[in-house]
>>> print(open('coords-v8.cif').read())   # mmCIF, C-alpha atoms
data_entry
#
loop_
_atom_site.label_atom_id
_atom_site.label_comp_id
_atom_site.auth_asym_id
_atom_site.auth_seq_id
_atom_site.Cartn_x
_atom_site.Cartn_y
_atom_site.Cartn_z
CA MET A 1 11.08 -26.67 21.87
CA THR A 2 9.67 -23.87 19.73
CA ARG A 3 5.94 -23.70 18.97
CA ASN A 4 3.55 -21.52 17.01
CA LEU A 5 1.87 -18.70 18.89
CA GLY A 6 -1.75 -19.20 19.93
CA GLY A 7 -4.60 -16.80 19.30
CA THR A 8 -4.20 -14.74 22.47
CA GLU A 9 -0.42 -14.56 22.03
CA LEU A 10 -0.85 -13.35 18.44
CA LYS A 11 -3.27 -10.64 19.55
CA ARG A 12 -0.78 -9.42 22.16
CA LEU A 13 2.08 -9.46 19.66
CA HIS A 14 0.09 -7.44 17.10
CA ARG A 15 -1.15 -5.03 19.78
CA ASP A 16 2.43 -4.37 20.90
CA TRP A 17 3.48 -3.54 17.31
CA ARG A 18 0.43 -1.29 16.79
CA ARG A 19 1.48 0.70 19.87
CA ARG A 20 4.89 1.35 18.29
CA ASN A 21 3.30 3.19 15.37
CA ASP A 22 1.89 6.71 15.43
CA ARG A 23 1.59 7.39 11.70
CA LYS A 24 -1.26 7.00 9.29
CA MET A 25 -0.77 5.10 6.05
CA ALA A 26 -3.03 5.10 3.02
CA LEU A 27 -2.85 3.39 -0.32
CA MET A 28 -3.94 4.40 -3.80
CA LEU A 29 -4.31 1.99 -6.71
CA ASP A 30 -4.07 3.73 -10.05
CA GLY A 31 -5.64 1.40 -12.59
CA VAL A 32 -4.88 -1.98 -11.00
CA GLN A 33 -7.09 -4.24 -13.10
CA ASN A 34 -6.68 -7.82 -11.91
CA PRO A 35 -9.22 -8.65 -9.19
CA PHE A 36 -6.88 -11.22 -7.63
CA ASN A 37 -4.17 -8.56 -7.33
CA LEU A 38 -6.67 -6.22 -5.66
CA GLY A 39 -7.73 -8.97 -3.25
CA SER A 40 -4.13 -9.68 -2.32
CA ILE A 41 -3.43 -5.98 -1.81
CA LEU A 42 -6.55 -5.59 0.36
CA ARG A 43 -5.46 -8.49 2.57
CA THR A 44 -2.01 -6.98 3.03
CA ALA A 45 -3.51 -3.51 3.58
CA ALA A 46 -5.66 -4.90 6.40
CA ALA A 47 -2.60 -6.61 7.93
CA TYR A 48 -0.64 -3.33 7.92
CA SER A 49 -3.59 -1.24 9.14
CA VAL A 50 -3.99 0.94 6.06
CA ASP A 51 -6.33 3.77 7.01
CA HIS A 52 -7.76 4.44 3.55
CA LEU A 53 -7.59 2.96 0.06
CA TRP A 54 -8.40 5.05 -3.00
CA LEU A 55 -9.23 3.07 -6.14
CA VAL A 56 -9.02 4.48 -9.66
CA GLY A 57 -10.19 2.20 -12.46
CA SER A 58 -10.03 -0.93 -10.32
CA PRO A 59 -12.59 -3.66 -9.69
CA SER A 60 -14.98 -3.28 -6.77
CA PRO A 61 -13.79 -4.71 -3.45
CA ASN A 62 -17.11 -6.59 -3.50
CA ASP A 63 -16.25 -8.44 -6.74
CA ALA A 64 -16.35 -12.24 -6.18
CA LYS A 65 -12.79 -12.68 -7.51
CA VAL A 66 -11.50 -9.91 -5.23
CA GLN A 67 -13.23 -11.50 -2.26
CA LYS A 68 -11.74 -14.91 -3.06
CA THR A 69 -8.21 -13.53 -2.46
CA ALA A 70 -9.08 -10.88 0.16
CA LEU A 71 -10.74 -13.51 2.39
CA GLY A 72 -12.96 -10.96 4.13
CA SER A 73 -10.17 -8.49 4.86
CA GLN A 74 -11.85 -5.78 2.75
CA LYS A 75 -14.17 -5.07 5.69
CA PHE A 76 -11.15 -3.73 7.64
CA VAL A 77 -10.07 -1.17 5.02
CA THR A 78 -12.06 1.96 4.14
CA THR A 79 -12.17 2.33 0.35
CA THR A 80 -13.22 5.12 -1.99
CA SER A 81 -13.59 4.70 -5.74
CA CYS A 82 -12.58 7.75 -7.76
CA GLU A 83 -13.29 8.56 -11.38
CA THR A 84 -9.85 10.01 -12.10
CA SER A 85 -6.29 9.91 -10.79
CA ALA A 86 -6.48 13.66 -10.22
CA GLU A 87 -9.55 13.22 -7.98
CA ALA A 88 -7.80 10.52 -5.90
CA LEU A 89 -4.61 12.59 -5.64
CA ALA A 90 -6.57 15.64 -4.46
CA ALA A 91 -8.44 13.51 -1.90
CA ALA A 92 -5.20 12.07 -0.48
CA HIS A 93 -3.62 15.51 -0.21
CA ALA A 94 -6.79 16.94 1.36
CA ALA A 95 -6.70 14.14 3.95
CA GLY A 96 -3.18 15.22 4.92
CA TYR A 97 -1.14 12.51 3.22
CA ARG A 98 2.21 12.88 1.52
CA VAL A 99 1.82 10.93 -1.75
CA VAL A 100 4.65 8.56 -2.70
CA GLY A 101 4.38 6.82 -6.06
CA VAL A 102 6.15 3.47 -6.42
CA GLU A 103 7.37 3.23 -9.99
CA LEU A 104 10.43 2.47 -12.08
CA ALA A 105 10.65 6.04 -13.35
CA GLU A 106 13.14 8.85 -13.91
CA GLY A 107 13.92 10.63 -10.68
CA ALA A 108 12.69 7.79 -8.46
CA VAL A 109 14.90 6.89 -5.51
CA PRO A 110 15.20 3.54 -3.74
CA LEU A 111 12.23 3.01 -1.43
CA HIS A 112 14.42 2.51 1.64
CA GLU A 113 16.03 5.93 1.00
CA THR A 114 12.69 7.71 0.51
CA ASP A 115 11.34 10.03 3.20
CA LEU A 116 8.43 8.02 4.60
CA SER A 117 7.92 10.19 7.68
CA GLY A 118 4.53 11.53 8.64
CA ASN A 119 1.30 10.35 7.07
CA VAL A 120 2.06 8.63 3.76
CA CYS A 121 -0.12 7.47 0.90
CA ILE A 122 1.61 4.83 -1.23
CA VAL A 123 0.53 4.75 -4.88
CA MET A 124 0.76 1.64 -7.05
CA GLY A 125 0.00 1.65 -10.77
CA HIS A 126 -1.47 -0.55 -13.47
CA GLU A 127 0.05 -4.02 -13.86
CA ASP A 128 1.57 -3.24 -17.28
CA ARG A 129 1.56 0.54 -17.74
CA GLY A 130 2.46 1.61 -14.20
CA LEU A 131 1.43 4.98 -12.80
CA SER A 132 -0.54 7.41 -14.93
CA LYS A 133 1.09 10.63 -16.14
CA GLU A 134 -1.11 12.57 -13.70
CA LEU A 135 0.23 10.66 -10.72
CA LEU A 136 3.82 10.67 -11.93
CA ALA A 137 3.57 14.46 -12.09
CA GLY A 138 1.45 14.96 -8.97
CA ALA A 139 3.16 12.65 -6.48
CA ASP A 140 5.22 14.32 -3.76
CA ALA A 141 7.93 11.70 -4.25
CA LEU A 142 8.71 8.74 -6.51
CA ALA A 143 10.37 5.60 -5.24
CA TYR A 144 11.33 2.23 -6.63
CA ILE A 145 12.03 -1.16 -5.10
CA PRO A 146 15.63 -2.23 -5.82
CA GLN A 147 15.86 -5.68 -7.39
CA LEU A 148 18.91 -7.88 -7.79
CA GLY A 149 17.75 -10.60 -10.15
CA LYS A 150 17.20 -10.82 -13.88
CA ILE A 151 13.48 -10.05 -13.66
CA GLY A 152 12.88 -6.34 -14.22
CA SER A 153 9.67 -5.84 -12.27
CA LEU A 154 7.45 -7.30 -9.57
CA ASN A 155 3.79 -8.25 -9.46
CA VAL A 156 1.83 -5.23 -8.21
CA GLY A 157 0.53 -7.17 -5.20
CA THR A 158 4.06 -8.13 -4.20
CA ALA A 159 5.38 -4.61 -4.76
CA ALA A 160 2.50 -3.14 -2.74
CA ALA A 161 3.26 -5.52 0.14
CA ILE A 162 6.94 -4.52 0.15
CA ALA A 163 6.04 -0.81 0.02
CA MET A 164 3.51 -1.11 2.85
CA TYR A 165 5.99 -3.01 5.01
CA GLU A 166 8.78 -0.50 4.39
CA THR A 167 6.44 2.41 5.17
CA ARG A 168 5.38 0.83 8.45
CA ARG A 169 8.96 -0.22 9.31
CA ALA A 170 10.15 3.35 8.84
CA GLY A 171 7.53 4.55 11.31
CA TRP A 172 8.02 2.05 14.11
CA THR A 173 9.26 3.62 17.31
CA ALA A 174 11.76 2.00 19.63
CA GLU A 175 10.36 -0.52 22.07
CA ASP A 176 9.64 0.88 25.54
#
>>> encode(input="coords-v8.cif", output="structure tokens")
Amino acid sequence: MTRNLGGTELKRLHRDWRRRNDRKMALMLDGVQNPFNLGSILRTAAAYSVDHLWLVGSPSPNDAKVQKTALGSQKFVTTTSCETSAEALAAAHAAGYRVVGVELAEGAVPLHETDLSGNVCIVMGHEDRGLSKELLAGADALAYIPQLGKIGSLNVGTAAAIAMYETRRAGWTAED
């Protein structure tokens, strides 16, 4: 009979997956406004071991609504609030990240075909307007998440989760 893993078994499972990864991943939120979206993204970022999160025009991770969704996970992700998209972009590049914007935009390629090697900073934009012009122009690559249904876009928290997973998946090494 199958059963759920216990606490120690979960820790071992997660430790084994962490050992299969040798890349750094960061995240940048360019104008994400909804505190519940930010909380959801923070929780996923902690689960995928995001090394740094740059926030531009987003609520504080300490906001009560953010904390309600993040469930304490914000303490596991280093965050920096920036005044402008250009400042965040410069900080990510200075930290050695290749910046990949996730946006339905001209020139974007499917996320699974995007070069996600090395240290990558995934950028997600505003819930309605998407990425700013500065980030569309300054990103090293633009990617989109292919969708099959009749809905033309995803919630930013959902899209961020897919992008973080795909970035980590692309970096996993073969099991020893």
>>> atom_distance(input="coords-v8.cif", atom1="atom CA of Thr78 of chain A", atom2="atom CA of Arg12 of chain A")
24.1 Å
>>> resolve_selection(input="coords-v8.cif", expression="the PyMOL selection byres ((chain A and resi 144) around 9)", output="mmCIF file with C-alpha atoms, keeping the file's coordinate frame")
data_model
loop_
_atom_site.group_PDB
_atom_site.id
_atom_site.type_symbol
_atom_site.label_atom_id
_atom_site.label_comp_id
_atom_site.auth_asym_id
_atom_site.auth_seq_id
_atom_site.Cartn_x
_atom_site.Cartn_y
_atom_site.Cartn_z
ATOM 1 C CA GLY A 101 4.380 6.820 -6.060
ATOM 2 C CA VAL A 102 6.150 3.470 -6.420
ATOM 3 C CA GLU A 103 7.370 3.230 -9.990
ATOM 4 C CA LEU A 104 10.430 2.470 -12.080
ATOM 5 C CA ALA A 105 10.650 6.040 -13.350
ATOM 6 C CA ALA A 108 12.690 7.790 -8.460
ATOM 7 C CA VAL A 109 14.900 6.890 -5.510
ATOM 8 C CA PRO A 110 15.200 3.540 -3.740
ATOM 9 C CA LEU A 111 12.230 3.010 -1.430
ATOM 10 C CA HIS A 112 14.420 2.510 1.640
ATOM 11 C CA LEU A 142 8.710 8.740 -6.510
ATOM 12 C CA ALA A 143 10.370 5.600 -5.240
ATOM 13 C CA ILE A 145 12.030 -1.160 -5.100
ATOM 14 C CA PRO A 146 15.630 -2.230 -5.820
#
>>> atom_distance(input="coords-v8.cif", atom1="atom CA of Ser58 of chain A", atom2="atom CA of Val100 of chain A")
19.1 Å
>>> closest_residue(input="coords-v8.cif", among="A:Thr167, A:Ala88, A:Gly149, A:Ala139", to="Leu53 of chain A", atoms="only C-alpha atoms")
A:Ala88
>>> resolve_selection(input="coords-v8.cif", expression="the PyMOL selection byres ((chain A and resi 169) around 12)", output="list of chain:residue names")
A:Trp17, A:Arg18, A:Arg20, A:Asn21, A:Asp22, A:Arg23, A:Met25, A:Tyr48, A:Leu111, A:His112, A:Leu116, A:Ser117, A:Ile162, A:Ala163, A:Met164, A:Tyr165, A:Glu166, A:Thr167, A:Arg168, A:Ala170, A:Gly171, A:Trp172, A:Thr173, A:Ala174
